[in-house]
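Visitor: Questions regarding the structure given below will be posed in turn.
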Amino acid sequence: MTPKRRRRLILVLGILVGVSIAGALALSAFRRNVTFFFDPTQVAAGQVPAGERFRLGGMVTQGSLRRAPGSLEARFVVTDFSHDVPVSYTGVLPDLFREGAGVVAHGRLRGDGTFVADEVLAKHDEKYMPPEVARSLKRRHGDSRAEPVGPATAEGTTGAPQGAPAQATAAPSAAGS
Amino acid sequence: MLPELGHFALILALLLAGLQAFFGIAGPALARDRWSGAVTSAVAGQAVMVATAVACLMGCFVGEDFSVAYVAENSNSALPLFYRVAALWGAHEGSLLLWILLLAAWTVAVALGSSRLPPRFAARVLGVLGVVSFGFLLFTLATSNPFLRLDPPAPDGRDLNPILQDPGLAVHPPILYTGYVGFAVAFAFAGAAMLEGRLDQNWARWTRPWTTAAWSFLTCGIALGSFWAYYELGWGGFWFWDPVENASFMPWLMGTALIHSLAVTDKRGLFKSWTLLLAILAFSLSLLGTFLVRSGVLVSVHSFAADPTRGIFILTFLIIMIGGALALYAWRAPLLRSSAGFELGARESFLLFNNVLLVTAAATVFAGTLAPLISDALKLGTLSVGPPYFNPTFMLSMLPLLALLSVGIHANWKRGRLEDSQRTLLYTFIAAAVLGCGFVIGLYSHGSVLTPIGATLAVWIVLSSLVDPIDRWRRGLTISRAVLGMTVAHIGLAVAVFALTTVQSFTIERDVSLAPGGTATVGDYEFRFGGVKPAEGPNYEAVAGTLTVTRHGAPVAVMTPQKRHYWVQRQVISETAIRMHRGNNLLLALGEDLGAGRWSVRIQIRPLVSLVWIAAFIMAMGGALAASDRRYRPVRARATAPEGATAGQPG
């Protein structure tokens, strides 16, 4: 083996080793840090591994938002219209959080069945709801799209997985209603 | 009338793009020089048509023509003129049109700048650009036509998404897209080289300025987007590893690798096929990003719309473009053999490490971004991947990259001996360790293990980057713009690393409940709440909170975060209040009425966060400087080539 080839071999081997170490570490980071999505029915069925951090998604039940006056702790109920999960969150709720609208919360289940959220996401606009939530509702309720979720989100529940907003054909005037 | 005119112009543009692609590729292939010569006319015609279409759509927005569906969806009579113009690219259809316009602009620039290139090669470059443009125009006309009419016309529009009603919308997408689209030029140069089956050092020299320019725009665009997310979205934080951010970041990482690989191809004629592959990958990631984001396949703040019928077209287009390019690559790359060798410690090795690390970083980001999609498609459950995955894996490839940078810029081409610069490297490292650790311990006295490491590496890069330019300057030698640009960009990177390290380690975030007259102490600052009062804007009403900020009793600022309620979309948006004080960035967002007269307020203090964005602009400036080097202008390459090959050493 010529010295030139040998150096090249060392270089290639070094890079290979480095890349595979990086890959292995990335994979383990991936396994430890991926959070899965569960809907209230799955939570009720006990499908969530104990103590695991996960994402809970569903609709915020109308009239369920409660807080002690002046307190940062908000309590509300997330539902998929089959099962309910009470949620507690301390902090500023996102702008788009609303009763009757879709929500995704990150956190863990407490012993008493309350979901303690450390992060609440309502990353959608009015025409849109989190795709996981839309899909979960569709799965639970077949194609019955017009769930009674309040007028503000009536458009948001049109059911298509990606929450298809009113396309070109939908009358924009309806939005102002 | 305007929308029909625009629609017609767009169809003509499609035809001209088809001609451009045909003449540009078939002309040189069949050795018909008159066909090749016709390409520039097609380029000009297409650019005029695309500009006409954009002007028509803009006219519809400005003239409040709510019979056009896209205008009705994204504008409103109460929307200020400024946002009516920017609303053009506020959603899917318009942003595609913007993409096409920018591609036309780049194509015209290439056509103008390539007058000195071999005519057949130039025709091929423009031909490949024509293929890209054709695909986008076809996609727009077939699935995302912004000129569709409503029957009957809407009485008024649905309004622009309130999150987008911000000056950031006017600048962020165009600049980001200019960067995205710019990689099409590098892709076209790669395509032309593969069609010719020939790639020499001149090729690299022609490609470099275009790639660097696109990279600079992309850098700026990403920074603007990050800044916008920071102050407009009010979640706090400037980077969320959101799919959309990743979509722009992956091409950036690839583009950075490409710039460095091109340097080797230019200087030493090595890494030829690797450079080609990077050019293809960088643009493929741009394409993937554009489509993934705008098609709404990935959940994100940016994905407004989703239309499953677009999915098929997108997939087909991606397969044809990327698959075609890779097939061409597989066929042609074996023709491009590099002959020269280099030693292990030579600069080539370090640039190789740079490439491997950057591509690894891009791959980990890619895996994390697409994992939710793949898991979903395979019915493995709905999962999400967040910062706990991205931060450590990204760091893993970045730390060695930063550590090797200082050594790499002092390494020689071809020869692997570092003796000459060993002492410089050692001294600068010691100085950097003292300064970096001193800063962290002296100013903050706490932090993780990574804090002093990050600070030290950052200072080391600055010091070691400056050694050579200062030495040359003292000896009265000229410094080429390419070298100066490289130095500036590396210093920008160091500033970014320093700022990111500081922000990551010393950010304070707290949500508090405040009654009027109440105070909260966060970090060194006290925030006194003065209550809320109503406020009103052109298309929204708001409540504004007043907070008086003091530091150890000394007044700092009065800040008024707002909670805005936009009438048309009936959407609530927090308008954050931001103030700089002694390098600390204070961000306040008004939460909600908690009852009993109390309000929730989000308080965040981030030291040096502004430096993150400034650093990105420094990097972009460095890129612009390097791209403007005379060496890259194909004006009689002989005049500067022999000098440049030995003296200037841009990396």
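Labeling convention for the structure tokens: chains A, B, ... as they appear, residues from 1 per chain, ligands from 1 in order of appearance.
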Using only C-alpha atoms, which residues sit within 9 Å of stretch 98-113 of chain B once same-chain residues fewer than 2 positions away are excluded, as JSON, numbers by chain?

Guide: {"B": [40, 43, 44, 46, 47, 48, 50, 51, 54, 88, 89, 93, 94, 95, 96, 115, 116, 117, 122, 123, 125, 126, 129, 130, 132, 133, 136, 137, 173, 174, 177, 178, 180, 181, 182, 184, 185, 210, 633, 634]}

Visitor: Using DSSP on the backbone, list every residue of stretch 33-141 of chain A that comes out as strand (DSSP E), and give them as a VMD selection string.

Guide: chain A and resid 34 to 38 54 to 60 73 to 79 84 to 90 102 to 109 115 to 121

Visitor: Can you pull out the residues contacting stretch 89-106 of chain A? Cut-off 7 Å, using only C-alpha atoms, and skip same-chain residues under 5 positions away; I want them as a PyMOL selection string.

Guide: (chain A and resi 54-63+72-75+116-122+129-130+133+149-150+153) or (chain B and resi 511+572-574+591+600+602)

Visitor: With C-alpha atoms kept, could you save the residues just selected as a PDB file, in the first residue's frame?

Guide:
```pdb
ATOM      1  CA  PHE A  54     -46.633  13.282  25.378  1.00  0.00           C
ATOM      2  CA  ARG A  55     -48.818  15.566  23.344  1.00  0.00           C
ATOM      3  CA  LEU A  56     -52.504  15.667  24.039  1.00  0.00           C
ATOM      4  CA  GLY A  57     -54.738  17.029  21.322  1.00  0.00           C
ATOM      5  CA  GLY A  58     -58.430  17.694  20.965  1.00  0.00           C
ATOM      6  CA  MET A  59     -61.002  20.405  21.281  1.00  0.00           C
ATOM      7  CA  VAL A  60     -61.314  22.652  24.300  1.00  0.00           C
ATOM      8  CA  THR A  61     -64.765  21.962  25.755  1.00  0.00           C
ATOM      9  CA  GLN A  62     -67.097  24.966  25.660  1.00  0.00           C
ATOM     10  CA  GLY A  63     -67.390  26.608  29.052  1.00  0.00           C
ATOM     11  CA  LEU A  72     -51.900  32.083  36.434  1.00  0.00           C
ATOM     12  CA  GLU A  73     -53.148  28.518  36.595  1.00  0.00           C
ATOM     13  CA  ALA A  74     -55.765  27.756  33.977  1.00  0.00           C
ATOM     14  CA  ARG A  75     -57.868  24.594  33.977  1.00  0.00           C
ATOM     15  CA  VAL A 116     -50.303  18.860  33.555  1.00  0.00           C
ATOM     16  CA  ALA A 117     -49.181  20.853  30.525  1.00  0.00           C
ATOM     17  CA  ASP A 118     -45.935  22.750  30.351  1.00  0.00           C
ATOM     18  CA  GLU A 119     -46.648  24.030  26.870  1.00  0.00           C
ATOM     19  CA  VAL A 120     -49.913  24.767  25.110  1.00  0.00           C
ATOM     20  CA  LEU A 121     -49.964  25.237  21.360  1.00  0.00           C
ATOM     21  CA  ALA A 122     -52.708  26.650  19.265  1.00  0.00           C
ATOM     22  CA  MET A 129     -56.837  23.325  13.064  1.00  0.00           C
ATOM     23  CA  PRO A 130     -54.010  21.062  14.114  1.00  0.00           C
ATOM     24  CA  VAL A 133     -56.667  16.812  16.035  1.00  0.00           C
ATOM     25  CA  VAL A 149     -67.915  23.129  18.330  1.00  0.00           C
ATOM     26  CA  GLY A 150     -69.139  26.662  18.123  1.00  0.00           C
ATOM     27  CA  THR A 153     -64.420  27.206  14.259  1.00  0.00           C
TER      28      THR A 153
ATOM     29  CA  ASP B 511     -44.966  34.327  33.137  1.00  0.00           C
ATOM     30  CA  VAL B 572     -56.343  38.015  18.657  1.00  0.00           C
ATOM     31  CA  ILE B 573     -52.656  38.776  18.247  1.00  0.00           C
ATOM     32  CA  SER B 574     -50.204  39.833  20.925  1.00  0.00           C
ATOM     33  CA  GLY B 591     -51.375  37.702  28.330  1.00  0.00           C
ATOM     34  CA  SER B 600     -50.877  37.746  32.965  1.00  0.00           C
ATOM     35  CA  ARG B 602     -44.861  37.135  29.801  1.00  0.00           C
TER      36      ARG B 602
END
```

Visitor: Could you give me, as a PyMOL selection string, the residues within 12 Å of B:Ile614, counting only C-alpha atoms and dropping anything in the same chain fewer than 4 positions from it?

Guide: chain B and resi 219-220+222-224+226-227+489+491-500+608-610+618-621

Visitor: Got time to write the residues from that selection, C-alpha atoms, as a compact mmCIF listing (two decimals), in the first residue's frame?

Guide:
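And here is the file that came out, result24.txt:
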```
# COMPACT_ATOMS: atom_id res chain seq x y z
CA THR B 219 -28.41 34.17 5.33
CA CYS B 220 -30.13 37.56 5.46
CA ILE B 222 -33.17 33.46 7.59
CA ALA B 223 -32.03 36.13 10.04
CA LEU B 224 -34.96 38.39 9.13
CA SER B 226 -35.87 34.70 12.96
CA PHE B 227 -36.12 38.34 14.01
CA ALA B 489 -17.95 35.89 7.16
CA ILE B 491 -15.96 36.60 12.13
CA GLY B 492 -19.72 36.81 11.63
CA LEU B 493 -19.95 33.11 12.39
CA ALA B 494 -17.89 33.61 15.53
CA VAL B 495 -20.13 36.46 16.67
CA ALA B 496 -23.16 34.24 16.08
CA VAL B 497 -21.63 31.41 18.10
CA PHE B 498 -20.76 33.77 20.92
CA ALA B 499 -24.23 35.29 20.99
CA LEU B 500 -26.01 31.95 20.73
CA LEU B 608 -27.01 39.53 23.40
CA VAL B 609 -29.85 38.14 21.32
CA SER B 610 -29.61 41.05 18.89
CA ILE B 618 -22.01 40.27 9.04
CA MET B 619 -21.83 36.85 7.43
CA ALA B 620 -24.00 38.01 4.55
CA MET B 621 -21.79 41.09 4.10
```

Visitor: Where in stretch 198-431 of chain B does DSSP assign alpha helix (DSSP H), given as a VMD selection string?

Guide: chain B and resid 201 to 228 243 to 268 272 to 295 308 to 318 324 to 332 347 to 377 387 to 410 419 to 431

Visitor: Using only C-alpha atoms, can you tell me which of A:Val48, A:Asp39, A:Val12, A:Leu27 comes closest to A:Glu132?

Guide: A:Asp39

Visitor: Quick one: pull the distance between atom CA of B:Ala554 and atom CA of B:Asn585, Å, one decimal.

Guide: 17.0 Å

Visitor: Which value, in Å to one decimal, gives the distance between atom CA of B:Arg606 and atom CA of B:Leu466?

Guide: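 Between atom CA of B:Arg606 and atom CA of B:Leu466 the gap works out to 28.9 Å.
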
Visitor: Taking into account only C-alpha atoms, which residue in the set A:Arg7, A:Arg139, A:Arg53, A:His83 is nearest to chain B?

Guide: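 Among the listed residues, A:Arg7 lies closest to chain B.
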
Visitor: For chain B, which of A:Gly14, A:Gly107, A:Pro86, A:Pro49 is the closest residue, counting only C-alpha atoms?

Guide: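 Closest to chain B, using only C-alpha atoms: A:Gly14.
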
Visitor: Quick one: of B:Asn584, B:Asn412, B:Ser338, B:Thr393, who's nearest to chain A, counting only C-alpha atoms?

Guide: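 Nearest to chain A: B:Thr393.
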